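Below is the file final_21.txt, which contains compact mmCIF, C-alpha atoms.
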# COMPACT_ATOMS: atom_id res chain seq x y z
CA MET Y 203 -302.64 173.07 -40.64
CA GLY Y 204 -301.49 170.83 -37.83
CA ILE Y 205 -297.96 170.58 -36.56
CA SER Y 206 -296.20 167.38 -37.62
CA GLN Y 207 -294.88 164.89 -35.11
CA ASN Y 208 -291.27 165.56 -36.19
CA THR Y 209 -291.72 169.30 -35.65
CA THR Y 210 -293.17 168.65 -32.20
CA GLY Y 211 -290.19 166.47 -31.31
CA VAL Y 212 -287.74 169.16 -32.45
CA LEU Y 213 -289.55 171.85 -30.47
CA LYS Y 214 -289.56 169.63 -27.39
CA ALA Y 215 -285.83 169.01 -27.75
CA LEU Y 216 -285.16 172.74 -28.11
CA VAL Y 217 -287.23 173.54 -25.02
CA VAL Y 218 -285.42 170.88 -22.97
CA THR Y 219 -282.00 172.10 -24.17
CA ALA Y 220 -282.87 175.74 -23.42
CA SER Y 221 -284.16 174.79 -19.97
CA LEU Y 222 -280.97 172.83 -19.28
CA PHE Y 223 -278.79 175.80 -20.19
CA ILE Y 224 -280.86 178.10 -17.98
CA VAL Y 225 -280.51 175.68 -15.05
CA LEU Y 226 -276.74 175.38 -15.58
CA ALA Y 227 -276.39 179.16 -15.74
CA GLY Y 228 -278.31 179.44 -12.48
CA VAL Y 229 -276.16 176.76 -10.82
CA LYS Y 230 -272.95 178.48 -11.91
CA THR Y 231 -274.21 181.83 -10.64
CA ALA Y 232 -275.17 180.30 -7.29
CA ALA Y 233 -272.02 178.14 -7.03
CA HIS Y 234 -270.81 179.99 -3.93
CA ILE Y 235 -274.00 178.85 -2.16
CA LEU Y 236 -274.30 175.36 -3.65
CA VAL Y 237 -270.66 174.32 -3.12
CA PRO Y 238 -270.75 174.44 0.72
CA PHE Y 239 -274.11 172.61 0.65
CA LEU Y 240 -272.77 169.85 -1.63
CA LEU Y 241 -269.66 169.53 0.51
CA ALA Y 242 -271.82 169.30 3.63
CA THR Y 243 -273.95 166.59 1.99
CA PHE Y 244 -270.81 164.67 1.07
CA ILE Y 245 -269.47 164.91 4.64
CA ALA Y 246 -272.82 163.93 6.16
CA ILE Y 247 -273.02 160.78 4.02
CA ILE Y 248 -269.51 159.79 5.15
CA CYS Y 249 -270.21 160.51 8.84
CA ASN Y 250 -273.67 158.93 9.03
CA PRO Y 251 -272.41 155.29 9.28
CA LEU Y 252 -270.35 156.27 12.34
CA VAL Y 253 -273.42 157.81 13.97
CA VAL Y 254 -275.46 154.68 13.20
CA LYS Y 255 -272.80 152.40 14.71
CA MET Y 256 -272.74 154.49 17.89
CA GLU Y 257 -276.53 154.36 18.13
CA ASN Y 258 -276.36 150.56 17.78
CA VAL Y 259 -274.29 150.44 20.99
CA ARG Y 260 -276.94 152.58 22.76
CA ILE Y 261 -275.14 155.92 22.60
CA PRO Y 262 -277.74 158.74 22.39
CA LYS Y 263 -278.00 160.27 18.94
CA ALA Y 264 -277.13 163.78 20.15
CA VAL Y 265 -273.98 162.50 21.83
CA ALA Y 266 -273.05 160.41 18.78
CA VAL Y 267 -273.45 163.36 16.41
CA THR Y 268 -271.43 165.59 18.74
CA LEU Y 269 -268.57 163.10 19.00
CA VAL Y 270 -268.45 162.56 15.22
CA ILE Y 271 -268.49 166.30 14.51
CA VAL Y 272 -265.76 167.02 17.08
CA PHE Y 273 -263.62 164.25 15.59
CA PHE Y 274 -264.20 165.51 12.04
CA VAL Y 275 -263.47 169.16 12.91
CA SER Y 276 -260.26 168.14 14.71
CA ILE Y 277 -259.08 166.25 11.62
CA VAL Y 278 -259.98 169.11 9.28
CA LEU Y 279 -258.27 171.77 11.38
CA SER Y 280 -255.14 169.64 11.74
CA LEU Y 281 -254.95 168.99 8.00
CA ALA Y 282 -255.70 172.65 7.22
CA GLY Y 283 -252.84 173.79 9.46
CA LEU Y 284 -250.50 171.23 7.91
CA VAL Y 285 -251.42 172.12 4.34
CA GLY Y 286 -251.22 175.85 5.07
CA ARG Y 287 -247.71 175.58 6.53
CA SER Y 288 -246.56 173.32 3.70
CA LEU Y 289 -247.92 175.65 1.02
CA GLY Y 290 -246.19 178.60 2.67
CA GLU Y 291 -242.88 176.75 2.77
CA LEU Y 292 -243.36 175.55 -0.83
CA SER Y 293 -243.93 179.11 -2.04
CA GLY Y 294 -240.83 180.27 -0.17
CA GLN Y 295 -238.66 177.56 -1.72
CA MET Y 296 -240.01 177.95 -5.26
CA PRO Y 297 -237.16 180.29 -6.37
CA GLU Y 298 -234.65 177.68 -5.19
CA TYR Y 299 -236.43 174.97 -7.15
CA ARG Y 300 -236.38 177.16 -10.27
CA GLU Y 301 -232.63 177.65 -9.88
CA GLN Y 302 -232.19 173.87 -9.64
CA LEU Y 303 -234.27 173.56 -12.81
CA SER Y 304 -231.97 176.02 -14.62
CA VAL Y 305 -228.90 173.98 -13.62
CA GLN Y 306 -230.47 170.71 -14.79
CA LEU Y 307 -231.63 172.23 -18.10
CA ALA Y 308 -228.13 173.62 -18.71
CA TRP Y 309 -226.77 170.08 -18.26
CA VAL Y 310 -229.37 168.73 -20.72
CA VAL Y 311 -228.42 171.37 -23.31
CA THR Y 312 -224.74 170.46 -22.92
CA GLN Y 313 -225.46 166.78 -23.44
CA LEU Y 314 -227.56 167.49 -26.52
CA GLU Y 315 -224.78 169.61 -28.03
CA SER Y 316 -222.51 166.55 -27.93
CA PHE Y 317 -224.98 164.94 -30.36
CA ASN Y 318 -225.00 168.09 -32.57
CA ILE Y 319 -228.45 169.06 -31.30
CA THR Y 320 -228.60 172.75 -30.45
CA LEU Y 321 -231.33 174.03 -28.17
CA SER Y 322 -231.74 177.14 -26.07
CA ALA Y 323 -231.83 176.65 -22.30
CA ASN Y 324 -234.33 179.54 -22.02
CA LEU Y 325 -236.57 177.88 -24.61
CA LEU Y 326 -236.53 174.62 -22.65
CA LYS Y 327 -237.24 176.47 -19.44
CA GLU Y 328 -240.34 178.05 -20.99
CA HIS Y 329 -241.79 174.70 -22.04
CA VAL Y 330 -240.43 172.42 -19.29
CA ASP Y 331 -241.20 173.80 -15.85
CA PRO Y 332 -241.85 171.21 -13.12
CA ALA Y 333 -242.37 174.05 -10.68
CA ALA Y 334 -245.54 174.96 -12.59
CA ALA Y 335 -247.05 171.57 -11.71
CA MET Y 336 -246.35 172.18 -8.02
CA GLY Y 337 -247.91 175.62 -8.34
CA LEU Y 338 -251.02 174.08 -9.90
CA ALA Y 339 -251.36 171.68 -6.97
CA ALA Y 340 -250.93 174.57 -4.55
CA ASP Y 341 -253.65 176.56 -6.32
CA MET Y 342 -256.01 173.56 -6.16
CA LEU Y 343 -255.48 173.09 -2.42
CA SER Y 344 -255.80 176.84 -1.85
CA GLY Y 345 -259.12 176.82 -3.72
CA LEU Y 346 -260.38 174.05 -1.46
CA GLY Y 347 -259.17 176.03 1.53
CA ASN Y 348 -261.23 179.03 0.42
CA VAL Y 349 -264.35 176.85 0.46
CA MET Y 350 -263.49 175.51 3.92
CA ALA Y 351 -263.45 179.13 5.12
CA ASN Y 352 -267.22 178.56 5.49
CA LEU Y 353 -266.46 175.75 7.94
CA PHE Y 354 -269.05 176.87 10.52
CA LEU Y 355 -271.85 176.91 7.93
CA ILE Y 356 -270.77 173.53 6.56
CA ILE Y 357 -270.59 171.91 10.00
CA LEU Y 358 -273.97 173.33 11.01
CA THR Y 359 -275.51 171.93 7.82
CA VAL Y 360 -273.87 168.54 8.47
CA VAL Y 361 -275.35 168.42 11.98
CA PHE Y 362 -278.88 169.06 10.71
CA MET Y 363 -278.42 166.48 7.93
CA LEU Y 364 -277.24 163.82 10.40
CA PHE Y 365 -280.33 164.36 12.55
CA GLU Y 366 -282.60 164.21 9.47
CA ALA Y 367 -280.88 161.17 7.91
CA PRO Y 368 -283.13 158.43 9.42
CA SER Y 369 -286.28 159.99 7.93
CA LEU Y 370 -284.79 160.67 4.49
CA SER Y 371 -285.79 157.30 3.02
CA LYS Y 372 -289.36 157.60 4.27
CA LYS Y 373 -289.64 161.15 2.86
CA LEU Y 374 -288.45 160.00 -0.55
CA HIS Y 375 -291.00 157.18 -0.58
CA LEU Y 376 -293.81 159.56 0.37
CA ALA Y 377 -292.71 162.02 -2.31
CA MET Y 378 -293.24 159.37 -5.03
CA ASP Y 379 -296.66 158.90 -6.58
CA ASP Y 380 -296.31 155.12 -6.43
CA PRO Y 381 -294.04 154.17 -3.52
CA GLN Y 382 -294.59 150.42 -3.94
CA MET Y 383 -293.31 150.48 -7.51
CA ARG Y 384 -290.26 152.60 -6.75
CA LEU Y 385 -289.43 151.09 -3.37
CA GLN Y 386 -286.44 149.04 -4.54
CA GLN Y 387 -285.03 151.83 -6.71
CA ILE Y 388 -285.08 154.33 -3.84
CA ASP Y 389 -283.41 151.94 -1.42
CA ARG Y 390 -280.84 150.99 -4.03
CA PHE Y 391 -280.13 154.66 -4.74
CA LEU Y 392 -279.52 155.55 -1.07
CA SER Y 393 -277.56 152.37 -0.37
CA SER Y 394 -275.32 152.77 -3.45
CA VAL Y 395 -274.45 156.39 -2.66
CA ASN Y 396 -273.73 155.64 1.01
CA ASN Y 397 -271.64 152.54 0.32
CA TYR Y 398 -269.63 154.12 -2.45
CA LEU Y 399 -268.72 157.29 -0.57
CA ALA Y 400 -267.93 155.48 2.70
CA ILE Y 401 -265.70 152.84 1.09
CA LYS Y 402 -264.08 155.30 -1.31
CA THR Y 403 -263.19 157.55 1.62
CA LEU Y 404 -261.50 154.72 3.51
CA VAL Y 405 -259.55 153.65 0.41
CA SER Y 406 -258.56 157.29 -0.25
CA ILE Y 407 -257.28 157.66 3.33
CA ALA Y 408 -255.21 154.50 2.92
CA THR Y 409 -253.87 155.77 -0.42
CA GLY Y 410 -252.87 159.16 1.01
CA ALA Y 411 -251.20 157.60 4.04
CA THR Y 412 -249.24 155.13 1.89
CA VAL Y 413 -248.11 157.86 -0.51
CA SER Y 414 -246.95 160.06 2.37
CA LEU Y 415 -245.00 157.17 3.91
CA MET Y 416 -243.35 156.35 0.58
CA LEU Y 417 -242.32 159.96 -0.11
CA TRP Y 418 -241.02 160.35 3.45
CA ALA Y 419 -238.88 157.23 2.94
CA PHE Y 420 -237.39 158.78 -0.21
CA GLY Y 421 -236.69 162.03 1.65
CA LEU Y 422 -238.89 164.19 -0.58
CA ASP Y 423 -239.95 167.59 0.76
CA PHE Y 424 -243.55 167.99 2.00
CA PRO Y 425 -244.57 164.29 1.98
CA LEU Y 426 -247.74 164.97 4.01
CA LEU Y 427 -248.83 167.67 1.55
CA TRP Y 428 -248.57 165.27 -1.40
CA GLY Y 429 -250.33 162.60 0.67
CA VAL Y 430 -253.27 164.94 1.25
CA LEU Y 431 -253.36 165.68 -2.48
CA ALA Y 432 -253.35 161.93 -3.25
CA PHE Y 433 -256.21 161.43 -0.74
CA LEU Y 434 -258.36 164.13 -2.35
CA LEU Y 435 -257.70 163.18 -5.97
CA ASN Y 436 -258.29 159.50 -5.31
CA TYR Y 437 -262.00 160.31 -5.48
CA ILE Y 438 -261.42 160.71 -9.23
CA PRO Y 439 -260.87 157.19 -10.62
CA ASN Y 440 -258.42 156.40 -13.41
CA ILE Y 441 -256.97 159.88 -13.88
CA GLY Y 442 -256.98 161.24 -10.32
CA SER Y 443 -253.95 159.20 -9.28
CA ILE Y 444 -252.04 160.44 -12.34
CA ILE Y 445 -252.81 164.07 -11.54
CA ALA Y 446 -251.76 163.55 -7.90
CA ALA Y 447 -248.42 162.03 -8.93
CA VAL Y 448 -247.34 164.86 -11.25
CA PRO Y 449 -246.48 167.54 -8.62
CA ALA Y 450 -244.59 165.09 -6.38
CA MET Y 451 -242.62 163.65 -9.29
CA SER Y 452 -241.87 167.15 -10.57
CA LEU Y 453 -240.43 168.07 -7.18
CA ALA Y 454 -238.52 164.77 -7.08
CA VAL Y 455 -236.85 165.60 -10.42
CA LEU Y 456 -235.59 168.90 -9.00
CA GLN Y 457 -234.70 167.71 -5.50
CA LEU Y 458 -233.63 164.08 -5.90
CA GLY Y 459 -232.82 163.62 -9.58
CA ALA Y 460 -234.41 161.73 -12.48
CA ALA Y 461 -233.55 158.25 -11.17
CA GLN Y 462 -235.22 158.80 -7.79
CA ALA Y 463 -238.17 160.47 -9.49
CA GLY Y 464 -238.58 157.37 -11.65
CA LEU Y 465 -238.65 155.15 -8.58
CA ILE Y 466 -241.25 157.43 -6.97
CA GLY Y 467 -243.33 157.21 -10.14
CA LEU Y 468 -243.08 153.43 -9.97
CA GLY Y 469 -244.20 153.58 -6.33
CA TYR Y 470 -247.27 155.61 -7.33
CA VAL Y 471 -248.10 153.03 -9.99
CA VAL Y 472 -247.83 150.15 -7.50
CA ILE Y 473 -249.91 151.93 -4.83
CA ASN Y 474 -252.70 152.94 -7.20
CA THR Y 475 -252.72 149.56 -8.94
CA VAL Y 476 -253.15 147.76 -5.62
CA MET Y 477 -255.76 150.21 -4.32
CA GLY Y 478 -257.65 150.56 -7.59
CA ASN Y 479 -257.53 146.99 -8.89
CA VAL Y 480 -257.36 144.89 -5.71
CA VAL Y 481 -258.72 146.72 -2.66
CA GLU Y 482 -261.54 148.78 -4.21
CA PRO Y 483 -263.06 146.02 -6.37
CA ARG Y 484 -263.11 143.71 -3.35
CA TYR Y 485 -265.35 146.08 -1.39
CA LEU Y 486 -267.11 148.01 -4.17
CA GLY Y 487 -267.87 145.03 -6.41
CA ARG Y 488 -268.32 146.24 -9.99
CA GLY Y 489 -267.72 149.77 -8.80
CA LEU Y 490 -269.41 152.70 -10.48
CA GLY Y 491 -269.78 151.33 -13.98
CA LEU Y 492 -268.77 154.71 -15.44
CA SER Y 493 -266.69 154.80 -18.60
CA THR Y 494 -263.25 156.44 -18.52
CA LEU Y 495 -264.44 159.06 -21.01
CA VAL Y 496 -267.39 159.96 -18.76
CA VAL Y 497 -265.03 160.26 -15.77
CA PHE Y 498 -262.81 162.71 -17.67
CA VAL Y 499 -265.70 164.73 -19.10
CA SER Y 500 -267.39 164.90 -15.69
CA LEU Y 501 -264.12 166.19 -14.18
CA VAL Y 502 -263.98 169.02 -16.73
CA PHE Y 503 -267.72 169.77 -16.54
CA TRP Y 504 -268.12 169.85 -12.75
CA GLY Y 505 -264.81 171.71 -12.40
CA TRP Y 506 -266.08 174.40 -14.75
CA LEU Y 507 -269.46 174.53 -13.04
CA LEU Y 508 -268.47 174.39 -9.35
CA GLY Y 509 -264.69 174.99 -9.23
CA THR Y 510 -262.20 172.93 -7.22
CA VAL Y 511 -264.85 171.19 -5.09
CA GLY Y 512 -266.71 170.29 -8.28
CA MET Y 513 -263.59 168.54 -9.59
CA LEU Y 514 -263.16 166.54 -6.38
CA LEU Y 515 -266.84 165.58 -6.24
CA SER Y 516 -267.23 165.13 -10.01
CA VAL Y 517 -267.48 161.33 -9.90
CA PRO Y 518 -269.78 161.11 -6.83
CA LEU Y 519 -272.07 163.71 -8.42
CA THR Y 520 -272.09 161.88 -11.76
CA MET Y 521 -272.69 158.59 -9.97
CA VAL Y 522 -275.72 160.05 -8.15
CA ILE Y 523 -277.15 161.26 -11.46
CA LYS Y 524 -276.51 157.88 -13.12
CA ILE Y 525 -278.20 155.91 -10.32
CA ALA Y 526 -281.16 158.31 -10.36
CA LEU Y 527 -281.53 157.95 -14.14
CA GLU Y 528 -281.40 154.15 -13.87
CA SER Y 529 -284.43 154.35 -11.60
CA THR Y 530 -286.61 155.96 -14.28
CA LYS Y 531 -287.76 154.51 -17.59
CA GLU Y 532 -287.30 157.81 -19.42
CA GLY Y 533 -283.72 158.38 -18.24
CA ARG Y 534 -282.42 154.81 -18.47
CA TRP Y 535 -280.97 155.37 -21.95
CA VAL Y 536 -278.82 158.21 -20.57
CA ALA Y 537 -277.57 155.92 -17.77
CA VAL Y 538 -276.59 153.35 -20.41
CA MET Y 539 -274.58 156.00 -22.28
CA LEU Y 540 -272.75 156.87 -19.05
CA SER Y 541 -271.91 153.23 -18.32
CA GLY Y 542 -268.57 151.55 -18.86
CA ASP Y 543 -267.83 148.42 -20.88
CA ASP Y 544 -269.82 146.09 -18.59
CA LEU Y 545 -273.42 146.45 -19.80
CA SER Y 546 -274.70 143.13 -18.46
CA GLU Y 547 -276.89 144.76 -15.81
CA HIS Y 548 -278.59 147.03 -18.35
CA GLU Y 549 -279.07 144.08 -20.74
CA GLN Y 550 -280.87 142.19 -18.00
CA LYS Y 551 -283.20 145.14 -17.37
CA ALA Y 552 -283.93 145.64 -21.08
When written as structure tokens, how does the structure in this file appear?
Amino acid sequence: MGISQNTTGVLKALVVTASLFIVLAGVKTAAHILVPFLLATFIAIICNPLVVKMENVRIPKAVAVTLVIVFFVSIVLSLAGLVGRSLGELSGQMPEYREQLSVQLAWVVTQLESFNITLSANLLKEHVDPAAAMGLAADMLSGLGNVMANLFLIILTVVFMLFEAPSLSKKLHLAMDDPQMRLQQIDRFLSSVNNYLAIKTLVSIATGATVSLMLWAFGLDFPLLWGVLAFLLNYIPNIGSIIAAVPAMSLAVLQLGAAQAGLIGLGYVVINTVMGNVVEPRYLGRGLGLSTLVVFVSLVFWGWLLGTVGMLLSVPLTMVIKIALESTKEGRWVAVMLSGDDLSEHEQKA
């Protein structure tokens, strides 16, 4: 008796699902190897336009790569030293911040009692702890620092990638069975990834610098630390700016008071509105075309799979997968499911 078509489809789906789980288990097991490689790929994509510009002015490729790497390493080491010192000082001052929290909660309890509302200060302290948000940010930056401990391996990988970059497009074309048919998709894939990461990095730098300047003007402790956090989390659209604002606003409540914290929150809203709704769309066009739900789910998924670096690279990784799926007939339906509200491009292709 032959196997029905429905049964065949179910078996195929089960095999694909089982294979996917096996692959994910392997990726999670090998995360300590894959994370530095992914980070190196991300850095190489950002640095490659600088190398190309130097080559255009007749600087030898070896010299261009060396200059870019020296510049990048100098920036990384400077930021690492800054973040390390700031985290050490933050940990040392945490008991003081908790004492300030106890004083403020005692005042809140007193005010509530005047309205015949009785609450325990200890109960409030258990559920309202701004210091916990600062600790979470510190843990995230420390996790990234642990990955950067493999800096030599990452830099070496970046150097090899920069030298191989010019031949990458040709290799991808040769790897396809029908290069003429897939020519535009491959070029679009490489161009989209390069443009997005390069422009997003510049916008993230501007966001971090503006946030640091604003917090310094308010007199908040560790403004450069919160600026670095804003720079990193700006790679996560929609929700990244909210996550970056929570630790700084929590510290502002303890150090400066609720009124100043509210103004700082308003400053975050203005900065991210301008960067996200004015600057980015001007240079990125329609942007990624990922729905907000997909952005959030990708943050959770890649964070679980690859840790802190996975969270920071969640959107670039999802974007790469989406663009790759759009280039194949079989995977286009998945790309449509990942898309945001603007489906005009997919309707034109249908």
- Quick one: distance from atom CA of Val217 of chain Y to atom CA of Lys524 of chain Y in Å, one decimal?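 Pair atom CA of Val217 of chain Y / atom CA of Lys524 of chain Y returns 22.4 Å.
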- Task: List every protein, DNA or RNA residue that has an atom no more than 12 Å from (-273.7, 170.2, 10.3) in the file's coordinate frame, counting all atoms listed in the file, and report them as a PyMOL selection string.
- Result: chain Y and resi 238-247+249-250+267-268+270-272+274-275+352-367
- Message: Please list as a ChimeraX atom specification every residue within 7 Å of Ala432 of chain Y, counting all atoms listed in the file and excluding residues in the same chain fewer than 6 positions away.
- Response: /Y:409-410,443,446
Pro425 of chain Y environment, 10 Å, all atoms listed in the file, sequence neighbours closer than 3 positions dropped, as a PDB file with C-alpha atoms, keeping the file's coordinate frame:
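The result, written out as out.pdb:
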ATOM      1  CA  SER Y 288    -246.560 173.320   3.700  1.00  0.00           C
ATOM      2  CA  GLY Y 410    -252.870 159.160   1.010  1.00  0.00           C
ATOM      3  CA  ALA Y 411    -251.200 157.600   4.040  1.00  0.00           C
ATOM      4  CA  VAL Y 413    -248.110 157.860  -0.510  1.00  0.00           C
ATOM      5  CA  SER Y 414    -246.950 160.060   2.370  1.00  0.00           C
ATOM      6  CA  LEU Y 415    -245.000 157.170   3.910  1.00  0.00           C
ATOM      7  CA  MET Y 416    -243.350 156.350   0.580  1.00  0.00           C
ATOM      8  CA  LEU Y 417    -242.320 159.960  -0.110  1.00  0.00           C
ATOM      9  CA  TRP Y 418    -241.020 160.350   3.450  1.00  0.00           C
ATOM     10  CA  ALA Y 419    -238.880 157.230   2.940  1.00  0.00           C
ATOM     11  CA  PHE Y 420    -237.390 158.780  -0.210  1.00  0.00           C
ATOM     12  CA  GLY Y 421    -236.690 162.030   1.650  1.00  0.00           C
ATOM     13  CA  LEU Y 422    -238.890 164.190  -0.580  1.00  0.00           C
ATOM     14  CA  TRP Y 428    -248.570 165.270  -1.400  1.00  0.00           C
ATOM     15  CA  GLY Y 429    -250.330 162.600   0.670  1.00  0.00           C
ATOM     16  CA  VAL Y 430    -253.270 164.940   1.250  1.00  0.00           C
ATOM     17  CA  LEU Y 431    -253.360 165.680  -2.480  1.00  0.00           C
ATOM     18  CA  ALA Y 450    -244.590 165.090  -6.380  1.00  0.00           C
TER      19      ALA Y 450
END
- Any idea what the distance is between atom CA of Val254 of chain Y and atom CA of Ile277 of chain Y?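 Going from atom CA of Val254 of chain Y over to atom CA of Ile277 of chain Y, I get 20.1 Å.
Distance annotation: of Y:Val265, Y:Leu399, Y:Met477, Y:Ile466, the residue with the minimal separation from Met451 of chain Y is Y:Ile466; atom set is only C-alpha atoms.
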- Might you pull out every residue within 9 Å of segment 479-486 of chain Y, with all atoms listed in the file counted and same-chain residues fewer than 3 positions away left off, and present them as a count of residues only? 10
- Query: By how many Å are atom CA of Val237 of chain Y and atom CA of Leu508 of chain Y apart?
  - Reply: 6.6 Å
- Message: Given only C-alpha atoms as the basis, pick out the residue of Y:Ile407, Y:Leu284, Y:Ile235, Y:Val395 nearest to Phe424 of chain Y.
- Response: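 Of Y:Ile407, Y:Leu284, Y:Ile235, Y:Val395, the one nearest Phe424 of chain Y, counting only C-alpha atoms, is Y:Leu284.
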- Query: Out of Y:Met296, Y:Val471, Y:Val497, Y:Ala282, which residue has the shortest atom-to-atom distance to Pro518 of chain Y when counting only C-alpha atoms?
  - Reply: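 Closest to Pro518 of chain Y, using only C-alpha atoms: Y:Val497.
Take the candidates Y:Val472, Y:Ile438, Y:Val538, Y:Val511 and check each one against Phe498 of chain Y using only C-alpha atoms; the shortest distance goes to Y:Ile438.
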Put the listed atoms of segment 471-484 of chain Y in a box along x, y and z with 3 Å added on every side and give me the centre and edge lengths in Å to one decimal, as lines of an AutoDock Vina configuration file.
center_x = -255.5
center_y = 148.4
center_z = -6.3
size_x = 21.3
size_y = 15.3
size_z = 13.3
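Across Y:Phe503, Y:Tyr470, Y:Asp423, Y:Gln462, the tightest approach to Ile444 of chain Y is made by Y:Tyr470 when counting all atoms listed in the file.
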